[in-house]
file structure.cif (mmCIF, C-alpha atoms; chains and numbers go by the auth columns)
data_model
#
loop_
_atom_site.group_PDB
_atom_site.id
_atom_site.type_symbol
_atom_site.label_atom_id
_atom_site.label_comp_id
_atom_site.label_asym_id
_atom_site.label_seq_id
_atom_site.Cartn_x
_atom_site.Cartn_y
_atom_site.Cartn_z
_atom_site.B_iso_or_equiv
_atom_site.auth_seq_id
_atom_site.auth_asym_id
ATOM 1 C CA MET A 1 105.007 -140.051 166.849 0.00 5 A
ATOM 2 C CA ILE A 2 103.417 -142.749 164.715 0.00 6 A
ATOM 3 C CA PRO A 3 105.376 -145.995 165.242 0.00 7 A
ATOM 4 C CA LEU A 4 107.147 -147.211 162.126 0.00 8 A
ATOM 5 C CA THR A 5 105.303 -150.542 162.058 0.00 9 A
ATOM 6 C CA TYR A 6 102.064 -148.828 160.968 0.00 10 A
ATOM 7 C CA TYR A 7 103.717 -147.723 157.721 0.00 11 A
ATOM 8 C CA LEU A 8 105.208 -151.175 157.189 0.00 12 A
ATOM 9 C CA ILE A 9 101.839 -152.834 157.781 0.00 13 A
ATOM 10 C CA LEU A 10 100.224 -150.421 155.303 0.00 14 A
ATOM 11 C CA SER A 11 102.876 -151.207 152.702 0.00 15 A
ATOM 12 C CA THR A 12 102.411 -154.923 153.305 0.00 16 A
ATOM 13 C CA ILE A 13 98.667 -154.543 152.781 0.00 17 A
ATOM 14 C CA VAL A 14 99.187 -152.679 149.501 0.00 18 A
ATOM 15 C CA PHE A 15 101.744 -155.275 148.396 0.00 19 A
ATOM 16 C CA THR A 16 99.354 -158.115 149.186 0.00 20 A
ATOM 17 C CA ILE A 17 96.579 -156.447 147.181 0.00 21 A
ATOM 18 C CA GLY A 18 98.967 -156.150 144.248 0.00 22 A
ATOM 19 C CA LEU A 19 100.046 -159.771 144.674 0.00 23 A
ATOM 20 C CA TYR A 20 96.424 -160.940 144.729 0.00 24 A
ATOM 21 C CA GLY A 21 95.771 -158.808 141.671 0.00 25 A
ATOM 22 C CA ILE A 22 98.637 -160.408 139.779 0.00 26 A
ATOM 23 C CA MET A 23 97.504 -163.912 140.695 0.00 27 A
ATOM 24 C CA THR A 24 93.909 -163.492 139.635 0.00 28 A
ATOM 25 C CA GLN A 25 93.742 -160.965 136.808 0.00 29 A
ATOM 26 C CA ARG A 26 93.628 -162.274 133.247 0.00 30 A
ATOM 27 C CA ASN A 27 93.581 -158.937 131.487 0.00 31 A
ATOM 28 C CA GLY A 28 97.069 -157.654 130.659 0.00 32 A
ATOM 29 C CA VAL A 29 96.284 -154.071 131.586 0.00 33 A
ATOM 30 C CA ARG A 30 95.002 -155.012 135.044 0.00 34 A
ATOM 31 C CA LEU A 31 98.111 -157.131 135.511 0.00 35 A
ATOM 32 C CA LEU A 32 100.339 -154.109 134.910 0.00 36 A
ATOM 33 C CA MET A 33 98.222 -152.045 137.281 0.00 37 A
ATOM 34 C CA SER A 34 98.789 -154.541 140.082 0.00 38 A
ATOM 35 C CA VAL A 35 102.524 -154.570 139.299 0.00 39 A
ATOM 36 C CA GLU A 36 102.479 -150.796 139.753 0.00 40 A
ATOM 37 C CA LEU A 37 100.674 -151.312 143.058 0.00 41 A
ATOM 38 C CA MET A 38 103.426 -153.602 144.299 0.00 42 A
ATOM 39 C CA LEU A 39 106.118 -151.114 143.245 0.00 43 A
ATOM 40 C CA ASN A 40 104.347 -148.337 145.110 0.00 44 A
ATOM 41 C CA ALA A 41 104.162 -150.499 148.202 0.00 45 A
ATOM 42 C CA ALA A 42 107.942 -150.771 148.058 0.00 46 A
ATOM 43 C CA ASN A 43 108.127 -146.998 147.657 0.00 47 A
ATOM 44 C CA ILE A 44 106.050 -146.542 150.822 0.00 48 A
ATOM 45 C CA ASN A 45 108.564 -148.658 152.673 0.00 49 A
ATOM 46 C CA LEU A 46 111.491 -146.694 151.244 0.00 50 A
ATOM 47 C CA VAL A 47 110.100 -143.342 152.330 0.00 51 A
ATOM 48 C CA ALA A 48 109.070 -144.657 155.747 0.00 52 A
ATOM 49 C CA PHE A 49 112.521 -145.991 156.530 0.00 53 A
ATOM 50 C CA SER A 50 114.173 -142.929 155.053 0.00 54 A
ATOM 51 C CA SER A 51 112.271 -140.486 157.235 0.00 55 A
ATOM 52 C CA TYR A 52 112.408 -142.660 160.364 0.00 56 A
ATOM 53 C CA ASN A 53 116.208 -143.052 160.158 0.00 57 A
ATOM 54 C CA ASP A 54 116.815 -139.383 159.264 0.00 58 A
ATOM 55 C CA ASP A 55 118.623 -140.390 156.044 0.00 59 A
ATOM 56 C CA MET A 56 117.507 -138.671 152.835 0.00 60 A
ATOM 57 C CA SER A 57 118.920 -141.226 150.403 0.00 61 A
ATOM 58 C CA GLY A 58 115.792 -143.382 150.694 0.00 62 A
ATOM 59 C CA GLN A 59 113.582 -140.614 149.379 0.00 63 A
ATOM 60 C CA VAL A 60 115.989 -139.910 146.513 0.00 64 A
ATOM 61 C CA PHE A 61 115.917 -143.588 145.650 0.00 65 A
ATOM 62 C CA VAL A 62 112.116 -143.450 145.515 0.00 66 A
ATOM 63 C CA LEU A 63 112.393 -140.968 142.629 0.00 67 A
ATOM 64 C CA PHE A 64 114.598 -143.376 140.717 0.00 68 A
ATOM 65 C CA SER A 65 112.268 -146.276 141.470 0.00 69 A
ATOM 66 C CA ILE A 66 109.249 -144.302 140.244 0.00 70 A
ATOM 67 C CA ALA A 67 111.053 -143.464 137.004 0.00 71 A
ATOM 68 C CA LEU A 68 112.039 -147.087 136.469 0.00 72 A
ATOM 69 C CA ALA A 69 108.473 -148.213 137.195 0.00 73 A
ATOM 70 C CA ALA A 70 107.301 -145.814 134.491 0.00 74 A
ATOM 71 C CA ALA A 71 109.853 -147.165 132.014 0.00 75 A
ATOM 72 C CA GLU A 72 108.779 -150.718 132.812 0.00 76 A
ATOM 73 C CA ALA A 73 105.097 -149.849 132.409 0.00 77 A
ATOM 74 C CA VAL A 74 105.799 -148.230 129.028 0.00 78 A
ATOM 75 C CA ILE A 75 107.497 -151.338 127.720 0.00 79 A
ATOM 76 C CA GLY A 76 104.738 -153.541 129.169 0.00 80 A
ATOM 77 C CA PHE A 77 102.009 -151.578 127.441 0.00 81 A
ATOM 78 C CA ALA A 78 103.923 -151.502 124.144 0.00 82 A
ATOM 79 C CA ILE A 79 104.192 -155.288 124.220 0.00 83 A
ATOM 80 C CA LEU A 80 100.505 -155.603 125.108 0.00 84 A
ATOM 81 C CA LEU A 81 99.665 -153.302 122.207 0.00 85 A
ATOM 82 C CA SER A 82 101.545 -155.426 119.697 0.00 86 A
ATOM 83 C CA ILE A 83 100.002 -158.604 121.134 0.00 87 A
ATOM 84 C CA TYR A 84 96.544 -157.052 120.819 0.00 88 A
ATOM 85 C CA ARG A 85 97.243 -156.155 117.181 0.00 89 A
ATOM 86 C CA MET A 86 98.128 -159.742 116.361 0.00 90 A
ATOM 87 C CA ARG A 87 95.665 -161.639 118.496 0.00 91 A
ATOM 88 C CA ASP A 88 92.778 -159.170 119.092 0.00 92 A
ATOM 89 C CA MET A 89 92.774 -160.075 122.790 0.00 93 A
ATOM 90 C CA ILE A 90 95.193 -159.589 125.711 0.00 94 A
ATOM 91 C CA ASP A 91 93.956 -162.425 127.874 0.00 95 A
ATOM 92 C CA VAL A 92 97.145 -163.359 129.660 0.00 96 A
ATOM 93 C CA ASP A 93 96.063 -166.994 130.040 0.00 97 A
ATOM 94 C CA ASN A 94 95.813 -167.558 126.278 0.00 98 A
ATOM 95 C CA ILE A 95 99.140 -165.942 125.404 0.00 99 A
ATOM 96 C CA ASN A 96 101.409 -168.968 125.793 0.00 100 A
ATOM 97 C CA LEU A 97 103.312 -169.186 122.493 0.00 101 A
ATOM 98 C CA LEU A 98 106.745 -167.585 122.456 0.00 102 A
ATOM 99 C CA ARG A 99 106.724 -167.416 118.643 0.00 103 A
ATOM 100 C CA TRP A 100 103.546 -167.074 116.633 0.00 104 A
ATOM 101 C CA MET B 1 86.231 -170.382 141.210 0.00 178 B
ATOM 102 C CA LEU B 2 88.473 -172.747 143.141 0.00 179 B
ATOM 103 C CA ASN B 3 91.772 -171.200 142.083 0.00 180 B
ATOM 104 C CA LYS B 4 90.482 -167.720 142.989 0.00 181 B
ATOM 105 C CA SER B 5 90.095 -168.885 146.580 0.00 182 B
ATOM 106 C CA ILE B 6 93.513 -170.547 146.467 0.00 183 B
ATOM 107 C CA ASN B 7 94.955 -167.240 145.320 0.00 184 B
ATOM 108 C CA ALA B 8 93.199 -165.463 148.173 0.00 185 B
ATOM 109 C CA VAL B 9 94.570 -167.951 150.691 0.00 186 B
ATOM 110 C CA VAL B 10 98.105 -167.601 149.320 0.00 187 B
ATOM 111 C CA ALA B 11 97.887 -163.812 149.420 0.00 188 B
ATOM 112 C CA LEU B 12 96.572 -163.849 152.979 0.00 189 B
ATOM 113 C CA LEU B 13 99.279 -166.266 154.076 0.00 190 B
ATOM 114 C CA PHE B 14 101.881 -164.006 152.538 0.00 191 B
ATOM 115 C CA PHE B 15 100.389 -161.041 154.359 0.00 192 B
ATOM 116 C CA ALA B 16 100.323 -162.939 157.659 0.00 193 B
ATOM 117 C CA VAL B 17 103.968 -163.976 157.395 0.00 194 B
ATOM 118 C CA VAL B 18 105.254 -160.531 156.462 0.00 195 B
ATOM 119 C CA ALA B 19 103.037 -158.709 158.965 0.00 196 B
ATOM 120 C CA LEU B 20 104.206 -161.033 161.724 0.00 197 B
ATOM 121 C CA ALA B 21 107.812 -160.379 160.758 0.00 198 B
ATOM 122 C CA VAL B 22 107.190 -156.627 160.707 0.00 199 B
ATOM 123 C CA VAL B 23 105.469 -156.559 164.075 0.00 200 B
ATOM 124 C CA SER B 24 107.869 -158.827 165.892 0.00 201 B
ATOM 125 C CA THR B 25 111.115 -157.063 164.950 0.00 202 B
ATOM 126 C CA THR B 26 112.159 -153.925 166.836 0.00 203 B
ATOM 127 C CA TRP B 27 113.036 -151.240 164.307 0.00 204 B
ATOM 128 C CA VAL B 28 115.941 -148.878 165.028 0.00 205 B
ATOM 129 C CA THR B 29 114.394 -145.464 164.473 0.00 206 B
ATOM 130 C CA VAL B 30 115.388 -141.933 165.395 0.00 207 B
ATOM 131 C CA ASP B 31 113.234 -140.972 168.415 0.00 208 B
ATOM 132 C CA GLU B 32 112.188 -137.564 167.001 0.00 209 B
ATOM 133 C CA LEU B 33 111.121 -137.230 163.344 0.00 210 B
ATOM 134 C CA PRO B 34 113.472 -134.772 161.562 0.00 211 B
ATOM 135 C CA GLN B 35 111.500 -131.462 161.274 0.00 212 B
ATOM 136 C CA ASN B 36 113.237 -129.048 158.894 0.00 213 B
ATOM 137 C CA VAL B 37 110.949 -126.006 159.238 0.00 214 B
ATOM 138 C CA ALA B 38 112.741 -124.018 156.514 0.00 215 B
ATOM 139 C CA ASP B 39 112.440 -126.789 153.926 0.00 216 B
ATOM 140 C CA GLN B 40 109.120 -128.365 154.995 0.00 217 B
ATOM 141 C CA SER B 41 108.662 -130.693 152.025 0.00 218 B
ATOM 142 C CA ASN B 42 112.409 -131.386 151.814 0.00 219 B
ATOM 143 C CA ILE B 43 112.407 -130.982 148.028 0.00 220 B
ATOM 144 C CA GLU B 44 115.430 -128.729 148.380 0.00 221 B
ATOM 145 C CA ALA B 45 117.281 -131.387 150.376 0.00 222 B
ATOM 146 C CA ILE B 46 116.413 -134.058 147.816 0.00 223 B
ATOM 147 C CA GLY B 47 117.559 -131.786 144.992 0.00 224 B
ATOM 148 C CA VAL B 48 120.864 -131.092 146.692 0.00 225 B
ATOM 149 C CA LEU B 49 121.380 -134.786 147.362 0.00 226 B
ATOM 150 C CA ILE B 50 120.570 -135.794 143.778 0.00 227 B
ATOM 151 C CA PHE B 51 123.157 -133.482 142.280 0.00 228 B
ATOM 152 C CA THR B 52 125.897 -134.115 144.824 0.00 229 B
ATOM 153 C CA GLN B 53 125.770 -137.750 145.897 0.00 230 B
ATOM 154 C CA PHE B 54 123.534 -139.418 143.271 0.00 231 B
ATOM 155 C CA VAL B 55 124.742 -137.785 140.059 0.00 232 B
ATOM 156 C CA ILE B 56 125.738 -140.988 138.265 0.00 233 B
ATOM 157 C CA PRO B 57 122.476 -142.846 138.922 0.00 234 B
ATOM 158 C CA PHE B 58 120.619 -139.724 137.839 0.00 235 B
ATOM 159 C CA GLU B 59 122.444 -139.639 134.481 0.00 236 B
ATOM 160 C CA VAL B 60 122.171 -143.379 133.956 0.00 237 B
ATOM 161 C CA LEU B 61 118.456 -143.101 134.708 0.00 238 B
ATOM 162 C CA SER B 62 117.989 -140.610 131.882 0.00 239 B
ATOM 163 C CA ILE B 63 119.680 -143.046 129.490 0.00 240 B
ATOM 164 C CA VAL B 64 117.445 -145.875 130.723 0.00 241 B
ATOM 165 C CA LEU B 65 114.327 -143.758 130.249 0.00 242 B
ATOM 166 C CA LEU B 66 115.453 -142.729 126.757 0.00 243 B
ATOM 167 C CA SER B 67 116.074 -146.338 125.745 0.00 244 B
ATOM 168 C CA ALA B 68 112.727 -147.423 127.209 0.00 245 B
ATOM 169 C CA LEU B 69 111.046 -144.678 125.199 0.00 246 B
ATOM 170 C CA ILE B 70 112.751 -145.700 121.954 0.00 247 B
ATOM 171 C CA GLY B 71 112.094 -149.378 122.590 0.00 248 B
ATOM 172 C CA ALA B 72 108.421 -148.812 123.333 0.00 249 B
ATOM 173 C CA ILE B 73 107.939 -146.742 120.181 0.00 250 B
ATOM 174 C CA TYR B 74 109.684 -149.368 118.076 0.00 251 B
ATOM 175 C CA ILE B 75 107.607 -152.211 119.572 0.00 252 B
ATOM 176 C CA ALA B 76 104.364 -150.296 119.234 0.00 253 B
ATOM 177 C CA LYS B 77 105.107 -149.173 115.667 0.00 254 B
ATOM 178 C CA GLY B 78 104.511 -152.657 114.241 0.00 255 B
ATOM 179 C CA GLU B 79 102.036 -152.351 111.358 0.00 256 B
ATOM 180 C CA VAL B 80 103.382 -149.319 109.508 0.00 257 B
ATOM 181 C CA GLU B 81 106.307 -151.052 107.752 0.00 258 B
ATOM 182 C CA GLN B 82 104.454 -154.129 106.437 0.00 259 B
#
call {"tool": "encode", "arguments": {"input": "structure.cif", "output": "structure tokens"}}
result
Amino acid sequence: MIPLTYYLILSTIVFTIGLYGIMTQRNGVRLLMSVELMLNAANINLVAFSSYNDDMSGQVFVLFSIALAAAEAVIGFAILLSIYRMRDMIDVDNINLLRW
Amino acid sequence: MLNKSINAVVALLFFAVVALAVVSTTWVTVDELPQNVADQSNIEAIGVLIFTQFVIPFEVLSIVLLSALIGAIYIAKGEVEQ
């Protein structure tokens, strides 16, 4: 039986990649991709703990978390779209005015 | 270029801390993975659980998704009215 720590290490690796992606990317779309990566790392943890403790509620919660990640991504891309219409660029470093 | 390396160092430090925490704790796990031969991909079990124990979150989730949809369309509409 694969020890549980392998799954947790894998999820930590994926989370760290997403964290590095958020810290370095300037493009809005890549930023949202790394946010999705971090959410999926949490999902890996949820499923791992759910199957290793013989309790199904973790896997059900993963479905809810995936749906909420989709809703969040939709809103993120809609905001990026409207920013791109106004400013013709979605360089996250240059978007620093709350009202323009 | 400097802050890219700072970011890398911060990310690696984060990984080191969490990996150390993960490795050093002893996880309480069931000693034999649950094998349900009849329902191999346990979709049936998840479906039963959703509609018995997690009904309210399931309904609230549909409302959240609907509002996210409407909000995204409204935000992305933008130019048409002006």
call {"tool": "residues_around", "arguments": {"input": "structure.cif", "residues": "range 199-213 of chain B", "least_positions_apart": "5", "cutoff": "12 Å", "atoms": "all atoms listed in the file", "output": "number ranges by chain"}}
result
A: 5-17, 49, 52-60; B: 192-194, 218-222
call {"tool": "atom_distance", "arguments": {"input": "structure.cif", "atom1": "CA of Gly22 in chain A", "atom2": "CA of Arg34 in chain A"}}
result
10.1 Å
call {"tool": "closest_residue", "arguments": {"input": "structure.cif", "among": "B:Ile233, B:Ala185, B:Ile227, B:Leu243", "to": "Gly62 in chain A", "atoms": "all atoms listed in the file"}}
result
B:Ile227
call {"tool": "residues_around", "arguments": {"input": "structure.cif", "residues": "range 178-183 of chain B", "least_positions_apart": "2", "cutoff": "10 Å", "atoms": "all atoms listed in the file", "output": "PyMOL selection string"}}
result
(chain A and resi 24+27-29) or (chain B and resi 185-189)
call {"tool": "closest_residue", "arguments": {"input": "structure.cif", "among": "A:Leu41, A:Leu35, A:Ala77, A:Thr20", "to": "chain B", "atoms": "only C-alpha atoms"}}
result
A:Thr20
call {"tool": "closest_residue", "arguments": {"input": "structure.cif", "among": "A:Val51, A:Leu36, A:Ala75, A:Leu67", "to": "chain B", "atoms": "all atoms listed in the file"}}
result
A:Ala75
call {"tool": "atom_distance", "arguments": {"input": "structure.cif", "atom1": "CA of Asp95 in chain A", "atom2": "CA of Leu43 in chain A"}}
result
22.6 Å
call {"tool": "closest_residue", "arguments": {"input": "structure.cif", "among": "A:Val96, A:Leu102, A:Val18, A:Leu23", "to": "chain B", "atoms": "only C-alpha atoms"}}
result
A:Leu23
call {"tool": "closest_residue", "arguments": {"input": "structure.cif", "among": "A:Glu40, A:Phe19, A:Gly25, A:Gly32", "to": "Ile99 in chain A", "atoms": "only C-alpha atoms"}}
result
A:Gly32
call {"tool": "residues_around", "arguments": {"input": "structure.cif", "residues": "Ala82 in chain A", "least_positions_apart": "3", "cutoff": "8 Å", "atoms": "all atoms listed in the file", "output": "number ranges by chain"}}
result
A: 78-79, 85-86; B: 249-250, 252-253
call {"tool": "atom_distance", "arguments": {"input": "structure.cif", "atom1": "CA of Arg89 in chain A", "atom2": "CA of Ala71 in chain A"}}
result
27.3 Å
call {"tool": "residues_around", "arguments": {"input": "structure.cif", "residues": "Gly224 in chain B", "least_positions_apart": "6", "cutoff": "12 Å", "atoms": "all atoms listed in the file", "output": "short mmCIF file (atom, residue, chain, number, x, y, z; two decimals) with C-alpha atoms, in the coordinates of the input"}}
result
data_model
loop_
_atom_site.label_atom_id
_atom_site.label_comp_id
_atom_site.auth_asym_id
_atom_site.auth_seq_id
_atom_site.Cartn_x
_atom_site.Cartn_y
_atom_site.Cartn_z
CA MET A 60 117.51 -138.67 152.84
CA SER A 61 118.92 -141.23 150.40
CA GLN A 63 113.58 -140.61 149.38
CA VAL A 64 115.99 -139.91 146.51
CA PHE A 65 115.92 -143.59 145.65
CA LEU A 67 112.39 -140.97 142.63
CA ASP B 216 112.44 -126.79 153.93
CA SER B 218 108.66 -130.69 152.02
CA GLN B 230 125.77 -137.75 145.90
CA PHE B 231 123.53 -139.42 143.27
CA VAL B 232 124.74 -137.78 140.06
CA PHE B 235 120.62 -139.72 137.84
#
call {"tool": "closest_residue", "arguments": {"input": "structure.cif", "among": "A:Val66, A:Ala45, A:Asp92, A:Ile83", "to": "chain B", "atoms": "only C-alpha atoms"}}
result
A:Ile83
